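*Asks:* Have a look at this one before I ask anything.
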Amino acid sequence: MAFNKICYIVALGFLLPFSYAHTDFFTSIGHMTDLINTEKDLVVSLKDYIKAEESKLEQIKKWAEKLDQLTDTATKDPEGFLGHPVNAFKLMKRLNTEWGELENLVLKDMSDGFISNMTIQRQFFPNDEDQTGAAKALLRLQDTYNLDTDTLSRGNLPGVKHKSFLTAEDCFELGKIAYTEADYYHTELWMEQALKQLDEGEVSSADKVYILDYLSYAVYQQGDLSKAVMLTKRLLELDPEHQRANGNMKYFEYIMAKEKEANKSSTESEDQADKETEVKKKDYLPERRKYEMLCRGEGLKMTPRRQKRLFCRYYDGNRNPRYILGPVKQEDEWDKPRIVRFLDIISDEEIETVKELAKPRLRRATISNPITGALETAHYRISKSAWLSGYESPVVSRINTRIQDLTGLDVSTAEELQVANYGVGGQYEPHFDFGRKDEPDAFKELGTGNRIATWLFYMSDVSAGGATVFPEVGASVWPKKGTAVFWYNLFPSGEGDYSTRHAACPVLVGNKWVSNKWLHERGQEFRRPCTLSELE
């Protein structure tokens with residue numbers, strides 16, 4: 001008997017469309033989309049492997065069934081069976097040749113194609129930094145948008161198209177990542193969520209003992225000793241021999257005994273001082289809180305009287321010949337600083353061209369170190385960016401001309417068009433676009449002066465989150481595809497306008513693409529003349 005040869009071909013399929021392995025995937029949704037194609041290709045490869053294994057087993061099964069019937073007949077009358085010369089010949093042939101072929105088939109490794117594909121694709125996989133970055137993004141979104149762990153775990157987010165949920169194991173993983181960062185607040189939240197889901201009957205590989213171990217310590221680190229004791233007792237009910245839990249219990253009981261004695265000597269004056277401190281803490285509104293409130297659409301300060309001074313209009317760029325017959329739609333977003341939005345100012349086709357030009361060049365966005373001036377990555381800027389020059393594409397050149405016509409500012413001294421794509425929970429915390437007095441060398445290498453103004457295109461709609469906010473004045477500007485916002489960073493005197501301090505809120509749901517043009521002072525001397533007053 002000769003076995004049919006099994007042909008097993010695994011197409012290597014899509015590789016990521018870049019010639020090198022990317023890092024920092026979590027900082028750009030645009031680059032993460034390539035991972036979807038990679039995973040799809042691996043699934044196809046895995047299914048091909050399964051088919052090959054099934055085909056192999058089917059052949060072995062047929063051979064076994066055939067021999068089972070034959071040997072049943074032969075063993076009933078061995079001499080009579082072998083009395084037929086053909087049966088004698090075939091027995092010799094089977095044992096000498098065919099059983100050896102069967103052995104080779106059983107030993108044949110059908111996984112070679114799949115493993116080869118995995119080896120090639122693995123160089124493009126995310127790493128531990130990406131997984132940690134994505135986990136931290138979830139924690140950041142939770143804080144910024146006041147999401148409770150149950151809402152986030154169940155995937156109940158506004159504007160979602162593809163609902164997903166977190167398993168108890170996922171929640172445990174988030175808690176562990178928070179724990180490694182000594183973030184005991186989030187450790188407690190996510191370990192409790194994991195425990196809750198297990199208590200509700202979820203089948204999971206997550207172990208309650210491990211969860212309670214992390215949870216009790218996180219609670220203790222936050223000063224809730226009685227809760228830590230309660231959780232440790234629950235752990236010991238599940239595992240009475242748990243060495244660390246037994247040691248912690250003795251330590252907790254010792255600390256509680258000491259605190260009991262100390263409480264007896266506390267005075268009423270100290271209690272009153274604590275209350276006053278607590279009131280001060282509640283009244284104090286730091287920039288972080290203002291920023292997060294604005295991201296949620298809360299805390300806007302503009303009065304109805306000021307709102308009445310905001311208008312929409314058709315704008316011709318101060319009688320620019322290109323826009324006299326076809327003015328653009330413009331609306332006021334804020335009065336001080338003046339922020340205006342241009343509507344339908346960039347077409348879908350132009351947006352796609354800009355994105356296609358930028359995507360292969362996207363790199364982790366950097367900030368300028370205020371002390372050294374060197375460019376470096378920062379945890380508070382989660383995005384990737386690329387720079388496009390006007391000579392590279394007529395589309396980019398046309399966009400630059402449009403900015404010059406509508407702002408009246410010379411773009412020849414401006415920086416190249418920066419294209420940015422935000423990652424998981426992508427954000428850029430409060431910052432200034434212009435160089436302050438304590439940063440005299442911020443743009444020295446450009447030789448074009450300070451950043452006089454910012455033009456920002458929104459190249460995608462965002463389902464939830466992603467606003468541009470100005471914490472100093474309480475303004476929130478929401479992304480709308482095809483629009484652009486513009487504001488001056490400097491007063492006409494050249495002094496920086498500190499009310500333009502702004503931030504990009506974390507993207508809660510969706511994919512945020514923007515592009516911006518930073519215009520500089522040089523070349524604007526007669527386009528925006530200097531004034532005598534410092535703040536005018």
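Residue names in the structure tokens use chain letters A, B, ... in the order shown, residue numbers from 1 in each chain, and ligand numbers from 1 in the order shown.
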What lies within 6 Å of range 348-363 of chain A using only C-alpha atoms, ignoring chain neighbours under 5 positions off, as an NGL selection string?

*Replies:* :A and (384-386)

*Asks:* Would you put the residues from that selection into a file with C-alpha atoms, as a short mmCIF file (atom, residue, chain, number, x, y, z; two decimals), in the first residue's frame?

*Replies:*
```cif
data_model
loop_
_atom_site.label_atom_id
_atom_site.label_comp_id
_atom_site.auth_asym_id
_atom_site.auth_seq_id
_atom_site.Cartn_x
_atom_site.Cartn_y
_atom_site.Cartn_z
CA LYS A 384 2.78 59.18 16.45
CA SER A 385 3.59 61.92 14.00
CA ALA A 386 5.14 62.52 10.58
#
```

*Asks:* Output as a PyMOL selection string all residues of range 340-370 of chain A that backbone DSSP marks as strand (DSSP E or B).

*Replies:* chain A and resi 340-343+363-364+367-368

*Asks:* With all heavy atoms retained, export the selected residues as a compact mmCIF listing (two decimals), in the first residue's frame.

*Replies:*
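New file part.txt:
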```
# COMPACT_ATOMS: atom_id res chain seq x y z
N VAL A 340 -11.00 80.35 16.11
CA VAL A 340 -12.00 80.25 15.04
C VAL A 340 -11.90 78.88 14.38
O VAL A 340 -10.82 78.28 14.32
CB VAL A 340 -11.84 81.36 13.98
CG1 VAL A 340 -12.10 82.73 14.59
CG2 VAL A 340 -10.46 81.31 13.33
N ARG A 341 -13.06 78.40 13.91
CA ARG A 341 -13.09 77.12 13.20
C ARG A 341 -13.52 77.38 11.75
O ARG A 341 -14.48 78.09 11.49
CB ARG A 341 -14.07 76.15 13.86
CG ARG A 341 -13.99 74.73 13.25
CD ARG A 341 -15.18 73.87 13.65
NE ARG A 341 -15.25 73.55 15.05
CZ ARG A 341 -14.83 72.40 15.59
NH1 ARG A 341 -14.27 71.47 14.82
NH2 ARG A 341 -14.97 72.18 16.89
N PHE A 342 -12.79 76.75 10.83
CA PHE A 342 -13.15 76.77 9.41
C PHE A 342 -13.83 75.45 9.07
O PHE A 342 -13.28 74.38 9.37
CB PHE A 342 -11.91 76.97 8.53
CG PHE A 342 -11.25 78.32 8.72
CD1 PHE A 342 -10.29 78.51 9.71
CD2 PHE A 342 -11.58 79.40 7.91
CE1 PHE A 342 -9.69 79.74 9.89
CE2 PHE A 342 -10.98 80.64 8.08
CZ PHE A 342 -10.03 80.81 9.08
N LEU A 343 -14.99 75.52 8.45
CA LEU A 343 -15.75 74.31 8.13
C LEU A 343 -15.52 73.88 6.68
O LEU A 343 -15.33 74.74 5.79
CB LEU A 343 -17.25 74.52 8.37
CG LEU A 343 -17.71 74.51 9.83
CD1 LEU A 343 -17.28 75.78 10.57
CD2 LEU A 343 -19.22 74.36 9.92
N ARG A 363 6.19 58.12 13.52
CA ARG A 363 7.10 57.76 14.60
C ARG A 363 6.54 58.33 15.90
O ARG A 363 5.79 59.29 15.90
CB ARG A 363 8.51 58.33 14.37
CG ARG A 363 9.19 57.84 13.10
CD ARG A 363 9.54 56.37 13.17
NE ARG A 363 10.20 55.94 11.96
CZ ARG A 363 9.58 55.55 10.85
NH1 ARG A 363 8.26 55.52 10.81
NH2 ARG A 363 10.25 55.16 9.79
N ARG A 364 6.95 57.73 17.01
CA ARG A 364 6.48 58.20 18.33
C ARG A 364 6.71 59.70 18.45
O ARG A 364 7.84 60.20 18.24
CB ARG A 364 7.23 57.44 19.42
CG ARG A 364 6.90 57.88 20.85
CD ARG A 364 5.60 57.29 21.33
NE ARG A 364 5.28 57.72 22.69
CZ ARG A 364 5.60 57.05 23.78
NH1 ARG A 364 6.26 55.90 23.68
NH2 ARG A 364 5.25 57.50 24.96
N ILE A 367 8.68 65.51 22.52
CA ILE A 367 8.58 66.87 23.06
C ILE A 367 10.00 67.41 23.19
O ILE A 367 10.97 66.65 23.23
CB ILE A 367 7.84 66.91 24.42
CG1 ILE A 367 8.49 65.95 25.44
CG2 ILE A 367 6.39 66.51 24.23
CD1 ILE A 367 9.42 66.58 26.40
N SER A 368 10.10 68.72 23.25
CA SER A 368 11.41 69.35 23.39
C SER A 368 11.72 69.52 24.87
O SER A 368 10.94 70.14 25.61
CB SER A 368 11.42 70.71 22.69
OG SER A 368 12.66 71.36 22.89
```

*Asks:* If DSSP is run on the backbone, what residues of range 147-250 of chain A are alpha helix (DSSP H)? A reply as a PyMOL selection string would be ideal.

*Replies:* chain A and resi 149-153+168-180+184-199+208-221+225-238+243-250

*Asks:* Quick check, in Å to one decimal: how far apart do CA of Asp128 in chain A and CA of Thr180 in chain A lie?

*Replies:*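 Answer for the CA of Asp128 in chain A to CA of Thr180 in chain A separation: 12.9 Å.
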
*Asks:* List as a PyMOL selection string the protein and nucleic acid residues near Thr151 in chain A, meaning an atom at most 12 Å away when only C-alpha atoms are counted, but skip any in the same chain fewer than 3 places from it.

*Replies:* chain A and resi 138+141-142+145-148+154-158+163-166+190+193

*Asks:* Write out, as a JSON list (two decimals), in the first residue's frame, the residues just selected, with C-alpha atoms.

*Replies:*
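Full text of selection09.json as output:
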```
[["chain", "number", "residue", "atom", "x", "y", "z"],
["A", 138, "LEU", "CA", -7.39, 52.08, 29.96],
["A", 141, "LEU", "CA", -9.46, 56.74, 30.29],
["A", 142, "GLN", "CA", -11.06, 55.47, 33.47],
["A", 145, "TYR", "CA", -13.92, 60.15, 31.96],
["A", 146, "ASN", "CA", -14.97, 58.98, 35.45],
["A", 147, "LEU", "CA", -15.65, 55.41, 34.32],
["A", 148, "ASP", "CA", -16.23, 52.75, 36.94],
["A", 154, "ARG", "CA", -18.49, 45.31, 30.21],
["A", 155, "GLY", "CA", -17.45, 47.59, 27.33],
["A", 156, "ASN", "CA", -20.39, 49.96, 27.86],
["A", 157, "LEU", "CA", -18.76, 52.97, 26.19],
["A", 158, "PRO", "CA", -20.49, 55.68, 24.12],
["A", 163, "LYS", "CA", -18.64, 45.92, 21.75],
["A", 164, "SER", "CA", -16.09, 43.96, 23.74],
["A", 165, "PHE", "CA", -15.66, 43.02, 27.38],
["A", 166, "LEU", "CA", -12.88, 42.22, 29.82],
["A", 190, "TRP", "CA", -9.22, 46.07, 39.06],
["A", 193, "GLN", "CA", -13.48, 43.74, 39.58]]
```

*Asks:* Report as a VMD selection string all protein, DNA and RNA residues lying within 10 Å of range 388-405 of chain A, evaluated on only C-alpha atoms, omitting residues in the same chain fewer than 6 positions from it.

*Replies:* chain A and resid 316 to 323 345 to 346 349 to 351 353 to 354 357 to 358 361 411 to 412 414 to 419 455 484 486 515 517 519
